[in-house]
$ cat model-v8.pdb   # PDB, C-alpha atoms, pLDDT in the B column
ATOM      1  CA  MET T   1     -28.469  13.265-101.246  1.00 89.00           C
ATOM      2  CA  SER T   2     -29.631  12.025 -97.881  1.00 96.00           C
ATOM      3  CA  SER T   3     -28.238  11.814 -94.385  1.00 98.00           C
ATOM      4  CA  LYS T   4     -26.296   8.784 -93.250  1.00 98.00           C
ATOM      5  CA  ALA T   5     -29.059   8.350 -90.697  1.00 98.00           C
ATOM      6  CA  LEU T   6     -31.604   7.964 -93.500  1.00 98.00           C
ATOM      7  CA  ASP T   7     -29.366   5.565 -95.415  1.00 98.00           C
ATOM      8  CA  ASP T   8     -29.148   3.407 -92.304  1.00 98.00           C
ATOM      9  CA  LEU T   9     -32.902   3.655 -91.751  1.00 98.00           C
ATOM     10  CA  LYS T  10     -33.569   2.383 -95.274  1.00 98.00           C
ATOM     11  CA  LYS T  11     -31.417  -0.639 -94.523  1.00 98.00           C
ATOM     12  CA  GLY T  12     -33.456  -1.172 -91.391  1.00 97.00           C
ATOM     13  CA  VAL T  13     -36.708  -0.853 -93.334  1.00 97.00           C
ATOM     14  CA  ASP T  14     -35.432  -3.425 -95.834  1.00 96.00           C
ATOM     15  CA  GLU T  15     -34.654  -5.720 -92.913  1.00 96.00           C
ATOM     16  CA  VAL T  16     -38.228  -5.475 -91.646  1.00 96.00           C
ATOM     17  CA  LYS T  17     -39.591  -5.942 -95.175  1.00 94.00           C
ATOM     18  CA  TYR T  18     -37.549  -9.107 -95.501  1.00 92.00           C
ATOM     19  CA  LEU T  19     -38.871 -10.336 -92.167  1.00 91.00           C
ATOM     20  CA  ARG T  20     -42.360  -9.334 -93.286  1.00 85.00           C
ATOM     21  CA  ARG T  21     -42.074 -11.571 -96.367  1.00 82.00           C
ATOM     22  CA  LEU T  22     -41.332 -14.520 -94.090  1.00 78.00           C
ATOM     23  CA  SER T  23     -44.642 -14.115 -92.279  1.00 71.00           C
ATOM     24  CA  PRO T  24     -46.152 -17.518 -91.423  1.00 69.00           C
ATOM     25  CA  LEU T  25     -49.603 -15.996 -91.820  1.00 60.00           C
ATOM     26  CA  LYS T  26     -50.528 -16.677 -95.440  1.00 54.00           C
ATOM     27  CA  ASP T  27     -54.271 -16.518 -95.055  1.00 51.00           C
ATOM     28  CA  ALA T  28     -56.925 -15.402 -92.614  1.00 48.00           C
ATOM     29  CA  ILE T  29     -57.735 -18.880 -91.272  1.00 48.00           C
ATOM     30  CA  ALA T  30     -54.421 -19.744 -89.666  1.00 49.00           C
ATOM     31  CA  THR T  31     -55.075 -21.513 -86.392  1.00 51.00           C
ATOM     32  CA  GLY T  32     -53.311 -23.189 -83.519  1.00 53.00           C
ATOM     33  CA  VAL T  33     -49.529 -23.070 -83.496  1.00 51.00           C
ATOM     34  CA  LYS T  34     -49.490 -21.396 -86.883  1.00 67.00           C
ATOM     35  CA  ALA T  35     -51.602 -18.492 -85.625  1.00 73.00           C
ATOM     36  CA  SER T  36     -49.433 -18.120 -82.527  1.00 78.00           C
ATOM     37  CA  THR T  37     -46.311 -18.040 -84.650  1.00 80.00           C
ATOM     38  CA  ALA T  38     -47.839 -15.435 -86.963  1.00 80.00           C
ATOM     39  CA  ARG T  39     -48.817 -13.309 -83.971  1.00 84.00           C
ATOM     40  CA  ALA T  40     -45.308 -13.421 -82.513  1.00 88.00           C
ATOM     41  CA  HIS T  41     -43.901 -12.571 -85.934  1.00 89.00           C
ATOM     42  CA  GLY T  42     -46.096  -9.474 -86.237  1.00 91.00           C
ATOM     43  CA  ARG T  43     -45.118  -8.284 -82.773  1.00 94.00           C
ATOM     44  CA  ALA T  44     -41.435  -8.727 -83.627  1.00 95.00           C
ATOM     45  CA  CYS T  45     -41.823  -6.655 -86.786  1.00 95.00           C
ATOM     46  CA  VAL T  46     -43.366  -3.787 -84.806  1.00 97.00           C
ATOM     47  CA  VAL T  47     -40.595  -3.770 -82.214  1.00 97.00           C
ATOM     48  CA  LEU T  48     -37.851  -3.933 -84.847  1.00 97.00           C
ATOM     49  CA  LEU T  49     -39.310  -1.196 -87.035  1.00 98.00           C
ATOM     50  CA  ASN T  50     -39.882   1.090 -84.058  1.00 98.00           C
ATOM     51  CA  SER T  51     -36.239   0.612 -83.043  1.00 98.00           C
ATOM     52  CA  HIS T  52     -35.039   1.634 -86.497  1.00 98.00           C
ATOM     53  CA  TYR T  53     -37.357   4.668 -86.471  1.00 98.00           C
ATOM     54  CA  GLU T  54     -36.149   5.839 -83.075  1.00 98.00           C
ATOM     55  CA  ARG T  55     -32.543   5.237 -84.029  1.00 98.00           C
ATOM     56  CA  TYR T  56     -33.020   7.408 -87.131  1.00 98.00           C
ATOM     57  CA  LEU T  57     -34.204  10.348 -85.031  1.00 98.00           C
ATOM     58  CA  ARG T  58     -31.300  10.076 -82.616  1.00 98.00           C
ATOM     59  CA  ALA T  59     -28.790   9.566 -85.415  1.00 98.00           C
ATOM     60  CA  VAL T  60     -30.013  12.478 -87.538  1.00 98.00           C
ATOM     61  CA  ASN T  61     -29.901  14.747 -84.493  1.00 98.00           C
ATOM     62  CA  GLU T  62     -26.295  13.753 -83.851  1.00 97.00           C
ATOM     63  CA  GLU T  63     -25.411  14.168 -87.525  1.00 98.00           C
ATOM     64  CA  ALA T  64     -27.026  17.610 -87.610  1.00 98.00           C
ATOM     65  CA  LEU T  65     -25.171  18.843 -84.536  1.00 96.00           C
ATOM     66  CA  ASN T  66     -21.838  17.545 -85.800  1.00 96.00           C
ATOM     67  CA  TRP T  67     -22.371  19.341 -89.096  1.00 97.00           C
ATOM     68  CA  LEU T  68     -23.255  22.614 -87.363  1.00 97.00           C
ATOM     69  CA  ILE T  69     -20.171  22.310 -85.162  1.00 95.00           C
ATOM     70  CA  GLY T  70     -18.049  21.552 -88.213  1.00 95.00           C
ATOM     71  CA  SER T  71     -19.461  24.625 -89.907  1.00 95.00           C
ATOM     72  CA  SER T  72     -17.859  26.766 -87.158  1.00 93.00           C
ATOM     73  CA  ILE T  73     -20.999  28.758 -86.542  1.00 94.00           C
ATOM     74  CA  LYS T  74     -21.219  31.059 -83.545  1.00 94.00           C
ATOM     75  CA  SER T  75     -22.960  29.715 -80.459  1.00 93.00           C
ATOM     76  CA  GLU T  76     -25.542  32.491 -80.605  1.00 93.00           C
ATOM     77  CA  GLU T  77     -26.619  31.248 -84.048  1.00 95.00           C
ATOM     78  CA  LEU T  78     -27.759  27.932 -82.589  1.00 95.00           C
ATOM     79  CA  PRO T  79     -31.460  28.131 -81.614  1.00 96.00           C
ATOM     80  CA  GLU T  80     -31.812  29.160 -77.992  1.00 95.00           C
ATOM     81  CA  ILE T  81     -34.027  26.211 -77.072  1.00 96.00           C
ATOM     82  CA  ILE T  82     -31.264  23.798 -78.112  1.00 96.00           C
ATOM     83  CA  ARG T  83     -28.735  25.656 -75.977  1.00 94.00           C
ATOM     84  CA  LEU T  84     -31.159  25.630 -73.071  1.00 94.00           C
ATOM     85  CA  MET T  85     -31.741  21.895 -73.416  1.00 93.00           C
ATOM     86  CA  HIS T  86     -28.003  21.211 -73.506  1.00 91.00           C
ATOM     87  CA  SER T  87     -27.320  23.341 -70.426  1.00 91.00           C
ATOM     88  CA  ARG T  88     -30.336  22.199 -68.427  1.00 90.00           C
ATOM     89  CA  ALA T  89     -28.857  19.035 -66.915  1.00 84.00           C
ATOM     90  CA  ALA T  90     -25.652  20.789 -65.805  1.00 85.00           C
ATOM     91  CA  ILE T  91     -27.532  23.736 -64.287  1.00 89.00           C
ATOM     92  CA  ASP T  92     -30.003  21.467 -62.494  1.00 86.00           C
ATOM     93  CA  ARG T  93     -27.158  19.371 -61.083  1.00 85.00           C
ATOM     94  CA  ILE T  94     -25.324  22.462 -59.849  1.00 86.00           C
ATOM     95  CA  SER T  95     -28.447  23.928 -58.269  1.00 86.00           C
ATOM     96  CA  GLU T  96     -29.108  20.688 -56.389  1.00 87.00           C
ATOM     97  CA  THR T  97     -25.566  20.606 -54.937  1.00 86.00           C
ATOM     98  CA  ASN T  98     -24.393  22.466 -51.848  1.00 91.00           C
ATOM     99  CA  TRP T  99     -22.641  25.694 -52.833  1.00 84.00           C
ATOM    100  CA  ASP T 100     -19.314  24.623 -51.277  1.00 87.00           C
ATOM    101  CA  LYS T 101     -19.221  21.506 -53.488  1.00 86.00           C
ATOM    102  CA  ARG T 102     -19.980  23.165 -56.799  1.00 88.00           C
ATOM    103  CA  GLY T 103     -16.424  24.072 -57.813  1.00 88.00           C
ATOM    104  CA  GLU T 104     -15.678  21.110 -60.080  1.00 87.00           C
ATOM    105  CA  MET T 105     -19.121  21.334 -61.662  1.00 84.00           C
ATOM    106  CA  LEU T 106     -18.671  25.030 -62.401  1.00 85.00           C
ATOM    107  CA  VAL T 107     -15.300  24.359 -64.050  1.00 83.00           C
ATOM    108  CA  GLU T 108     -16.953  21.760 -66.266  1.00 83.00           C
ATOM    109  CA  PHE T 109     -19.818  24.134 -67.036  1.00 85.00           C
ATOM    110  CA  ALA T 110     -17.379  26.909 -67.968  1.00 86.00           C
ATOM    111  CA  ASP T 111     -15.472  24.588 -70.311  1.00 82.00           C
ATOM    112  CA  ILE T 112     -18.539  23.575 -72.304  1.00 83.00           C
ATOM    113  CA  ASP T 113     -21.986  25.024 -71.640  1.00 88.00           C
ATOM    114  CA  ALA T 114     -20.879  28.545 -70.748  1.00 88.00           C
ATOM    115  CA  LYS T 115     -19.530  28.856 -74.283  1.00 90.00           C
ATOM    116  CA  LEU T 116     -23.050  28.376 -75.590  1.00 89.00           C
ATOM    117  CA  TRP T 117     -23.981  31.707 -74.030  1.00 91.00           C
ATOM    118  CA  SER T 118     -20.928  33.781 -74.941  1.00 87.00           C
ATOM    119  CA  LYS T 119     -21.410  36.048 -77.945  1.00 84.00           C
ATOM    120  CA  SER T 120     -19.094  35.578 -80.913  1.00 81.00           C
ATOM    121  CA  THR T 121     -17.845  32.266 -79.493  1.00 89.00           C
ATOM    122  CA  VAL T 122     -17.521  29.376 -81.939  1.00 91.00           C
ATOM    123  CA  LEU T 123     -19.971  26.579 -81.199  1.00 90.00           C
ATOM    124  CA  PRO T 124     -18.244  24.004 -78.953  1.00 88.00           C
ATOM    125  CA  SER T 125     -18.649  20.234 -79.069  1.00 88.00           C
ATOM    126  CA  LEU T 126     -22.072  19.160 -77.859  1.00 91.00           C
ATOM    127  CA  GLU T 127     -23.687  15.984 -76.577  1.00 91.00           C
ATOM    128  CA  SER T 128     -26.637  15.139 -78.791  1.00 93.00           C
ATOM    129  CA  SER T 129     -28.232  13.031 -76.052  1.00 92.00           C
ATOM    130  CA  LYS T 130     -28.758  16.187 -73.968  1.00 92.00           C
ATOM    131  CA  ILE T 131     -30.869  17.725 -76.717  1.00 92.00           C
ATOM    132  CA  LEU T 132     -33.068  14.874 -77.877  1.00 93.00           C
ATOM    133  CA  ILE T 133     -34.614  13.496 -74.705  1.00 89.00           C
ATOM    134  CA  MET T 134     -37.538  11.138 -75.259  1.00 90.00           C
ATOM    135  CA  LYS T 135     -38.562   7.784 -73.859  1.00 90.00           C
ATOM    136  CA  ALA T 136     -40.272   6.847 -77.111  1.00 95.00           C
ATOM    137  CA  PRO T 137     -40.774   8.540 -80.491  1.00 97.00           C
ATOM    138  CA  HIS T 138     -44.349   9.656 -79.894  1.00 97.00           C
ATOM    139  CA  SER T 139     -45.540  11.925 -82.689  1.00 97.00           C
ATOM    140  CA  ARG T 140     -45.853  14.912 -80.360  1.00 97.00           C
ATOM    141  CA  GLU T 141     -42.242  14.372 -79.202  1.00 97.00           C
ATOM    142  CA  VAL T 142     -41.040  14.113 -82.787  1.00 98.00           C
ATOM    143  CA  LYS T 143     -42.831  17.355 -83.625  1.00 98.00           C
ATOM    144  CA  ARG T 144     -41.204  19.016 -80.596  1.00 97.00           C
ATOM    145  CA  PHE T 145     -37.756  17.784 -81.630  1.00 97.00           C
ATOM    146  CA  TYR T 146     -37.880  19.373 -85.073  1.00 98.00           C
ATOM    147  CA  ALA T 147     -39.434  22.523 -83.623  1.00 98.00           C
ATOM    148  CA  MET T 148     -36.251  23.043 -81.585  1.00 97.00           C
ATOM    149  CA  TYR T 149     -34.423  23.521 -84.875  1.00 97.00           C
ATOM    150  CA  GLY T 150     -37.022  25.981 -86.109  1.00 97.00           C
ATOM    151  CA  ILE T 151     -39.317  23.627 -88.033  1.00 98.00           C
ATOM    152  CA  ILE T 152     -42.568  24.458 -86.276  1.00 95.00           C
ATOM    153  CA  ASP T 153     -44.692  21.583 -87.618  1.00 96.00           C
ATOM    154  CA  ILE T 154     -42.649  18.903 -89.344  1.00 98.00           C
ATOM    155  CA  PHE T 155     -45.763  16.888 -90.205  1.00 97.00           C
ATOM    156  CA  SER T 156     -47.292  19.814 -92.080  1.00 95.00           C
ATOM    157  CA  LYS T 157     -44.007  20.272 -93.922  1.00 95.00           C
ATOM    158  CA  ALA T 158     -43.755  16.574 -94.753  1.00 95.00           C
ATOM    159  CA  THR T 159     -47.076  16.631 -96.588  1.00 92.00           C
ATOM    160  CA  ARG T 160     -49.459  19.494 -97.327  1.00 87.00           C
ATOM    161  CA  ARG T 161     -52.572  17.338 -97.573  1.00 91.00           C
ATOM    162  CA  PRO T 162     -54.385  17.262 -94.202  1.00 92.00           C
ATOM    163  CA  ASP T 163     -55.577  13.678 -94.701  1.00 92.00           C
ATOM    164  CA  ARG T 164     -52.068  12.389 -95.416  1.00 93.00           C
ATOM    165  CA  ARG T 165     -50.682  14.440 -92.529  1.00 94.00           C
ATOM    166  CA  SER T 166     -53.175  12.882 -90.135  1.00 95.00           C
ATOM    167  CA  HIS T 167     -52.446   9.452 -91.559  1.00 95.00           C
ATOM    168  CA  LEU T 168     -48.707   9.832 -90.960  1.00 97.00           C
ATOM    169  CA  TRP T 169     -49.187  11.128 -87.431  1.00 97.00           C
ATOM    170  CA  LEU T 170     -51.663   8.407 -86.467  1.00 97.00           C
ATOM    171  CA  LYS T 171     -49.811   5.498 -88.051  1.00 98.00           C
ATOM    172  CA  LEU T 172     -46.485   6.443 -86.470  1.00 98.00           C
ATOM    173  CA  GLN T 173     -48.182   6.962 -83.118  1.00 98.00           C
ATOM    174  CA  GLU T 174     -50.059   3.682 -83.439  1.00 98.00           C
ATOM    175  CA  MET T 175     -46.815   1.832 -84.130  1.00 98.00           C
ATOM    176  CA  VAL T 176     -45.106   3.409 -81.110  1.00 98.00           C
ATOM    177  CA  ASP T 177     -48.065   2.632 -78.859  1.00 98.00           C
ATOM    178  CA  LYS T 178     -48.058  -0.999 -79.958  1.00 97.00           C
ATOM    179  CA  ARG T 179     -44.334  -1.285 -79.415  1.00 97.00           C
ATOM    180  CA  ASN T 180     -44.696   0.150 -75.906  1.00 96.00           C
ATOM    181  CA  ASN T 181     -47.531  -2.244 -75.084  1.00 96.00           C
ATOM    182  CA  ILE T 182     -45.454  -5.172 -76.288  1.00 95.00           C
ATOM    183  CA  ALA T 183     -42.407  -4.007 -74.343  1.00 92.00           C
ATOM    184  CA  HIS T 184     -44.516  -3.753 -71.187  1.00 92.00           C
ATOM    185  CA  GLY T 185     -45.707  -7.333 -71.497  1.00 90.00           C
ATOM    186  CA  ASP T 186     -49.151  -6.861 -73.039  1.00 91.00           C
ATOM    187  CA  PHE T 187     -49.710 -10.183 -74.808  1.00 88.00           C
ATOM    188  CA  THR T 188     -52.985  -9.016 -76.350  1.00 90.00           C
ATOM    189  CA  THR T 189     -51.235  -6.515 -78.633  1.00 93.00           C
ATOM    190  CA  GLU T 190     -50.727  -7.767 -82.162  1.00 90.00           C
ATOM    191  CA  ALA T 191     -50.107  -6.431 -85.660  1.00 90.00           C
ATOM    192  CA  LEU T 192     -51.626  -7.823 -88.823  1.00 88.00           C
ATOM    193  CA  PRO T 193     -49.535  -7.956 -92.018  1.00 88.00           C
ATOM    194  CA  SER T 194     -51.535  -5.073 -93.489  1.00 91.00           C
ATOM    195  CA  GLU T 195     -50.810  -2.967 -90.403  1.00 95.00           C
ATOM    196  CA  ILE T 196     -47.096  -3.676 -90.583  1.00 95.00           C
ATOM    197  CA  SER T 197     -47.111  -2.636 -94.235  1.00 95.00           C
ATOM    198  CA  SER T 198     -48.802   0.656 -93.305  1.00 97.00           C
ATOM    199  CA  TYR T 199     -46.201   1.285 -90.587  1.00 98.00           C
ATOM    200  CA  LEU T 200     -43.377   0.623 -93.031  1.00 97.00           C
ATOM    201  CA  ASP T 201     -44.855   3.088 -95.523  1.00 97.00           C
ATOM    202  CA  ALA T 202     -45.384   5.739 -92.843  1.00 98.00           C
ATOM    203  CA  VAL T 203     -41.859   5.473 -91.447  1.00 98.00           C
ATOM    204  CA  LEU T 204     -40.218   5.619 -94.849  1.00 98.00           C
ATOM    205  CA  LYS T 205     -42.435   8.462 -96.090  1.00 97.00           C
ATOM    206  CA  PHE T 206     -42.004  10.597 -92.996  1.00 98.00           C
ATOM    207  CA  CYS T 207     -38.266  10.099 -92.580  1.00 98.00           C
ATOM    208  CA  SER T 208     -37.516  10.612 -96.282  1.00 98.00           C
ATOM    209  CA  SER T 209     -39.486  13.871 -96.332  1.00 97.00           C
ATOM    210  CA  SER T 210     -38.228  15.188 -92.994  1.00 98.00           C
ATOM    211  CA  ASP T 211     -34.648  14.409 -93.982  1.00 98.00           C
ATOM    212  CA  LYS T 212     -34.827  16.885 -96.866  1.00 98.00           C
ATOM    213  CA  ILE T 213     -36.661  19.494 -94.819  1.00 98.00           C
ATOM    214  CA  PHE T 214     -34.156  19.197 -91.989  1.00 98.00           C
ATOM    215  CA  ALA T 215     -31.208  19.604 -94.361  1.00 98.00           C
ATOM    216  CA  LYS T 216     -32.620  22.873 -95.697  1.00 98.00           C
ATOM    217  CA  GLN T 217     -33.252  24.176 -92.186  1.00 98.00           C
ATOM    218  CA  LEU T 218     -29.708  23.367 -91.061  1.00 98.00           C
ATOM    219  CA  LYS T 219     -28.372  25.194 -94.100  1.00 98.00           C
ATOM    220  CA  THR T 220     -30.431  28.228 -93.039  1.00 97.00           C
ATOM    221  CA  ILE T 221     -29.205  28.077 -89.437  1.00 97.00           C
ATOM    222  CA  ALA T 222     -25.578  27.881 -90.514  1.00 96.00           C
ATOM    223  CA  LYS T 223     -26.018  30.424 -93.310  1.00 96.00           C
ATOM    224  CA  SER T 224     -24.199  27.916 -95.450  1.00 96.00           C
ATOM    225  CA  ALA T 225     -23.912  27.798 -99.220  1.00 95.00           C
ATOM    226  CA  THR T 226     -24.259  24.023 -99.180  1.00 96.00           C
ATOM    227  CA  LEU T 227     -26.597  21.492 -97.655  1.00 97.00           C
ATOM    228  CA  PRO T 228     -25.329  19.168 -94.929  1.00 97.00           C
ATOM    229  CA  TRP T 229     -26.413  16.197 -97.051  1.00 97.00           C
TER     230      TRP T 229
END

$ encode --input "model-v8.pdb" --output "structure tokens"
Amino acid sequence: MSSKALDDLKKGVDEVKYLRRLSPLKDAIATGVKASTARAHGRACVVLLNSHYERYLRAVNEEALNWLIGSSIKSEELPEIIRLMHSRAAIDRISETNWDKRGEMLVEFADIDAKLWSKSTVLPSLESSKILIMKAPHSREVKRFYAMYGIIDIFSKATRRPDRRSHLWLKLQEMVDKRNNIAHGDFTTEALPSEISSYLDAVLKFCSSSDKIFAKQLKTIAKSATLPW
């Protein structure tokens, strides 16, 4: 079994693989318009794959939270860092508002976030976007995301071999860096077919492994007899 997020990611990976097969670069001596087309194609593959990777992380976070809520666990059983992240925006907004204008905000806080801090209260509905906050899926941010759920080093869990762990970290980070450079208008950034293939392998390997690890951790958090997926 796998999460719906992973199922959707695999479809996205297949989409990039299909695009990859249509690469106009068939040999190393492509020149002129052909080389320009191949370069644009490689850049497009990087942007598309990065989007699917980031979407997986956001989707699996939302899926995980919905499952925990559906499991009717107590708020205190949810890791404290997740509760802190969810409450942070509301608390910051209240603290930045004059005391005589905080009434409506406090009512809203009491209806949702306050329940996260009441013992023996069933976990209320949560907004996943308040928990996973990242501008881009840098490897350090991905590691921090899983750590919030109690998985201290997701990359070490995904593979025990140090060389493979480093490879995953670096390839995913390299892909994200290239995507960011492209998005910011750097026309010198490009990706060769072999690089795109390595990014595809890294994304699929990491997400497939982390999906299983995450499921087991959620089962532990909820003290459930079954896995979420």

$ closest_residue --input "model-v8.pdb" --among "T:Arg55, T:Lys130, T:Lys101, T:His138" --to "Arg179 (chain T)" --atoms "only C-alpha atoms"
T:His138

$ closest_atom_pairs --input "model-v8.pdb" --of "region 130-183 of chain T" --to "region 196-200 of chain T" --cutoff "10 Å" --atoms "all atoms listed in the file" --output "JSON lines"
{"residue": "T:His167", "atom": "CA", "partner": "T:Ser198", "partner_atom": "CA", "distance": 9.7}
{"residue": "T:Leu168", "atom": "CA", "partner": "T:Tyr199", "partner_atom": "CA", "distance": 8.9}
{"residue": "T:Leu170", "atom": "CA", "partner": "T:Tyr199", "partner_atom": "CA", "distance": 9.9}
{"residue": "T:Lys171", "atom": "CA", "partner": "T:Tyr199", "partner_atom": "CA", "distance": 6.1}
{"residue": "T:Leu172", "atom": "CA", "partner": "T:Tyr199", "partner_atom": "CA", "distance": 6.6}
{"residue": "T:Gln173", "atom": "CA", "partner": "T:Tyr199", "partner_atom": "CA", "distance": 9.6}
{"residue": "T:Glu174", "atom": "CA", "partner": "T:Tyr199", "partner_atom": "CA", "distance": 8.5}
{"residue": "T:Met175", "atom": "CA", "partner": "T:Tyr199", "partner_atom": "CA", "distance": 6.5}
{"residue": "T:Val176", "atom": "CA", "partner": "T:Tyr199", "partner_atom": "CA", "distance": 9.8}

$ resolve_selection --input "model-v8.pdb" --expression "the PyMOL selection byres ((chain T and resi 122) around 12)" --output "list in words"
Leu68, Ile69, Gly70, Ser71, Ser72, Ile73, Lys74, Ser75, Glu76, Glu77, Leu78, Ile112, Ala114, Lys115, Leu116, Trp117, Ser118, Lys119, Ser120, Thr121, Leu123, Pro124, Ser125, Leu126 and Ala222 of chain T

$ resolve_selection --input "model-v8.pdb" --expression "the PyMOL selection byres ((chain T and resi 4) around 10)" --output "PDB file with C-alpha atoms, in the coordinates of the input"
ATOM      1  CA  MET T   1     -28.469  13.265-101.246  1.00 89.00           C
ATOM      2  CA  SER T   2     -29.631  12.025 -97.881  1.00 96.00           C
ATOM      3  CA  SER T   3     -28.238  11.814 -94.385  1.00 98.00           C
ATOM      4  CA  ALA T   5     -29.059   8.350 -90.697  1.00 98.00           C
ATOM      5  CA  LEU T   6     -31.604   7.964 -93.500  1.00 98.00           C
ATOM      6  CA  ASP T   7     -29.366   5.565 -95.415  1.00 98.00           C
ATOM      7  CA  ASP T   8     -29.148   3.407 -92.304  1.00 98.00           C
ATOM      8  CA  LEU T   9     -32.902   3.655 -91.751  1.00 98.00           C
ATOM      9  CA  LYS T  10     -33.569   2.383 -95.274  1.00 98.00           C
ATOM     10  CA  TYR T  56     -33.020   7.408 -87.131  1.00 98.00           C
ATOM     11  CA  ALA T  59     -28.790   9.566 -85.415  1.00 98.00           C
ATOM     12  CA  VAL T  60     -30.013  12.478 -87.538  1.00 98.00           C
ATOM     13  CA  GLU T  63     -25.411  14.168 -87.525  1.00 98.00           C
ATOM     14  CA  TRP T 229     -26.413  16.197 -97.051  1.00 97.00           C
TER      15      TRP T 229
END

$ residues_near_point --input "model-v8.pdb" --point "(-33.1, 23.3, -92.8)" --cutoff "12 Å" --atoms "all atoms listed in the file" --output "MDAnalysis selection string"
chainID T and resid 64 68 146:152 154 157 209:224 226:229

$ closest_residue --input "model-v8.pdb" --among "T:Thr189, T:Asn61, T:Ser51, T:Asn66" --to "Gly12 (chain T)" --atoms "all atoms listed in the file"
T:Ser51

$ atom_distance --input "model-v8.pdb" --atom1 "CA of Asp177 (chain T)" --atom2 "CA of Ala136 (chain T)"
9.0 Å

$ atom_distance --input "model-v8.pdb" --atom1 "CA of Glu62 (chain T)" --atom2 "CA of Ile133 (chain T)"
12.4 Å

$ atom_distance --input "model-v8.pdb" --atom1 "CA of Val46 (chain T)" --atom2 "CA of Arg165 (chain T)"
21.1 Å

$ closest_residue --input "model-v8.pdb" --among "T:Thr37, T:Ser156, T:Asn50, T:Ser23" --to "Ala183 (chain T)" --atoms "only C-alpha atoms"
T:Asn50

$ closest_residue --input "model-v8.pdb" --among "T:Glu127, T:Ala90, T:Pro193, T:Ala225" --to "Leu19 (chain T)" --atoms "all atoms listed in the file"
T:Pro193

$ closest_residue --input "model-v8.pdb" --among "T:Val203, T:Met134, T:Val16, T:Leu84" --to "Ala44 (chain T)" --atoms "all atoms listed in the file"
T:Val16

$ closest_residue --input "model-v8.pdb" --among "T:Arg83, T:Cys207, T:Ala158, T:Leu22" --to "Gly42 (chain T)" --atoms "only C-alpha atoms"
T:Leu22

$ residues_around --input "model-v8.pdb" --residues "Leu106 (chain T)" --least-positions-apart "3" --cutoff "12 Å" --atoms "only C-alpha atoms" --output "list in words"
Ser87, Ala90, Ile91, Asp92, Arg93, Ile94, Ser95, Thr97, Trp99, Asp100, Lys101, Arg102, Gly103, Phe109, Ala110, Asp111, Ile112, Asp113 and Ala114 of chain T
